[in-house]
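Report on one structure; see the data block that follows.
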Amino acid sequence: SSSSTVSKLAVTAEGSRQMVQVPVSQVEVGDQILSIKSDKKNSKKPKFAEIEKISKSPSSGEFYEIEMAQSTQGKARVTPHHTFPTCNKKKEHLISALDMKEGDCLLDSNGEEQLVKSISKHASVAEEFTYSLQ
C-alpha cells in the first residue's frame, strides 16, 4: 500500500551510502531497495536490488496491518499476498500476510529475527494504491 515503506540505499551529500526508510510511493525505477533472498547455503542474506519496473493500481479489498514486537518502524500495511522472509533456516521460506499469525518469527530489513506482535485486517480506503516493484 502507499503507506508502506521500503529500505532504500541512499547516497549522502558527503558521498557515503546509507540505508533509509522511504514510503513505497516515493521509490523510482533505478533505486536500490533491500531484498532478502536465500543463498546456496539457504542462509537469508539482505542485499540491495535495483528496481526495474513499478506498477501502481487503485487498492480494493482488504489489507493487513502487521506490528513486530521489537520494531521502531511502526506497523506495515500490506496486501494479503505480500510475503515476508521467515526465520526458518532449513530452507528458503516465505510467508504471506494472509497465512501469518501472532508469534511468527520473521527476518527484518537487517536480517535480524523479530516476532509478530499483532496482525489485523482492514478494508482499503479511498485514494489508497497497491504497488508492485520488480
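Simple scheme: letters A, B, ... for chains in C-alpha cells order, numbers from 1 for residues in each chain, numbers from 1 for ligands in the order shown.
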Quick one: which range 42-133 of chain A residues come within 9 Å of range 3-16 of chain A, and what is the nearest atom pair for each with the distance in Å to one decimal, counting only C-alpha atoms, rows ordered by chain and ascending number, as a Markdown table?
```
| residue | atom | partner | partner_atom | distance |
| --- | --- | --- | --- | --- |
| A:Phe48 | CA | A:Leu9 | CA | 7.4 |
| A:Lys75 | CA | A:Ser4 | CA | 8.5 |
| A:Ala76 | CA | A:Ser4 | CA | 5.8 |
| A:Arg77 | CA | A:Ser4 | CA | 5.7 |
| A:Val78 | CA | A:Ser4 | CA | 7.0 |
| A:Ser109 | CA | A:Ser7 | CA | 7.1 |
| A:Glu128 | CA | A:Ser3 | CA | 8.2 |
| A:Phe129 | CA | A:Ser3 | CA | 8.8 |
```
Restricting the output to N, CA and C atoms, write the selected residues as an mmCIF file, in the first residue's frame.
```cif
data_model
loop_
_atom_site.group_PDB
_atom_site.id
_atom_site.type_symbol
_atom_site.label_atom_id
_atom_site.label_comp_id
_atom_site.auth_asym_id
_atom_site.auth_seq_id
_atom_site.Cartn_x
_atom_site.Cartn_y
_atom_site.Cartn_z
ATOM 1 N N PHE A 48 20.874 -5.455 -1.775
ATOM 2 C CA PHE A 48 20.137 -4.427 -2.491
ATOM 3 C C PHE A 48 19.913 -4.875 -3.926
ATOM 4 N N LYS A 75 3.792 0.037 12.123
ATOM 5 C CA LYS A 75 3.113 -1.110 11.523
ATOM 6 C C LYS A 75 3.283 -1.106 10.013
ATOM 7 N N ALA A 76 3.383 -2.299 9.442
ATOM 8 C CA ALA A 76 3.405 -2.450 7.987
ATOM 9 C C ALA A 76 1.967 -2.691 7.538
ATOM 10 N N ARG A 77 1.530 -2.008 6.496
ATOM 11 C CA ARG A 77 0.188 -2.182 5.933
ATOM 12 C C ARG A 77 0.385 -2.788 4.551
ATOM 13 N N VAL A 78 -0.034 -4.042 4.383
ATOM 14 C CA VAL A 78 0.275 -4.791 3.165
ATOM 15 C C VAL A 78 -0.952 -5.544 2.650
ATOM 16 N N SER A 109 14.577 -5.979 8.072
ATOM 17 C CA SER A 109 15.423 -5.465 6.992
ATOM 18 C C SER A 109 16.917 -5.592 7.275
ATOM 19 N N GLU A 128 -6.104 4.961 -1.865
ATOM 20 C CA GLU A 128 -5.008 4.093 -1.449
ATOM 21 C C GLU A 128 -4.621 3.239 -2.650
ATOM 22 N N PHE A 129 -3.312 3.019 -2.851
ATOM 23 C CA PHE A 129 -2.837 2.291 -4.006
ATOM 24 C C PHE A 129 -2.004 1.078 -3.591
#
```
- Give the strand (DSSP E) residues of chain A, as DSSP finds them on the backbone, and put them as a PyMOL selection string. chain A and resi 5-11+17-23+32-38+44-50+54-58+62-68+76-78+83-85+94-96+105-107+113-123+129-133
- Task: For CA of Lys101 in chain A and CA of Leu115 in chain A, determine how far apart the two atoms are, in Å to one decimal place.
- Result: 9.8 Å
- Message: What's the separation between CA of Thr130 in chain A and CA of Leu107 in chain A, in Å to one decimal place?
- Response: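 Computed distance, CA of Thr130 in chain A to CA of Leu107 in chain A, equals 22.6 Å.
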- Could you pull the residues within 9 Å of Gly61 in chain A, counting only C-alpha atoms, minus those fewer than 2 positions along the same chain, as a PyMOL selection string? chain A and resi 59+63+79+122-124
- Item | Contacts of Asp31 in chain A at 7 Å (only C-alpha atoms; same-chain gap of 4+ positions) as number ranges by chain | A: 27, 50-51
- Query: Neighbours of Gln114 in chain A within 9 Å (only C-alpha atoms; same-chain residues fewer than 6 positions away dropped), as a ChimeraX atom specification?
  - Reply: /A:68-71,87,104-108
- Item | Which of chain A fall in helix (DSSP H, G or I), as number ranges by chain | A: 24-26, 97-99
- Task: Could you tell me which of A:Glu67, A:Glu113, A:Glu127, A:Glu28 comes closest to Thr86 in chain A if we count only C-alpha atoms?
- Result: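 Answer, going by the shortest atom-to-atom distance: A:Glu113.
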- Between CA of Ala49 in chain A and CA of Glu62 in chain A lies a distance of 28.1 Å
- Could you tell me which of A:His82, A:Asn88, A:Gln21, A:Lys56 comes closest to Ile33 in chain A if we count only C-alpha atoms?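 With only C-alpha atoms as the atom set, the closest residue is A:Gln21.
Closest approach to Glu52 in chain A among A:Leu98, A:His81, A:Tyr64, A:Gln134: A:Gln134, based on only C-alpha atoms.
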- With only C-alpha atoms as the basis for distance, which of A:Met19, A:His93, A:Glu102, A:Leu34 is at the shortest distance from Ile66 in chain A? A:Glu102
- Message: Please determine, counting only C-alpha atoms, which residue among A:Pro85, A:Gly111, A:Pro58, A:Gly74 has the shortest atom-to-atom distance to Val125 in chain A.
- Response: A:Pro58
- Item | Met100 in chain A environment, 9 Å, only C-alpha atoms, sequence neighbours closer than 4 positions dropped, as an NGL selection string | :A and (95-96 or 104 or 116 or 119)
Selection file, C-alpha atoms, as a PDB file, in the first residue's frame:
```pdb
ATOM      1  CA  ILE A  95       5.043 -16.452   4.466  1.00  0.00           C
ATOM      2  CA  SER A  96       2.197 -14.323   3.182  1.00  0.00           C
ATOM      3  CA  ASP A 104       5.572 -15.999  13.954  1.00  0.00           C
ATOM      4  CA  VAL A 116       4.961 -10.739  15.053  1.00  0.00           C
ATOM      5  CA  ILE A 119      -1.803  -8.684  12.855  1.00  0.00           C
TER       6      ILE A 119
END
```
- Note on the structure: Of A:Gln18, A:Gln26, A:Ser35, A:Ser118, the one sitting nearest Thr83 in chain A when using only C-alpha atoms is A:Ser35
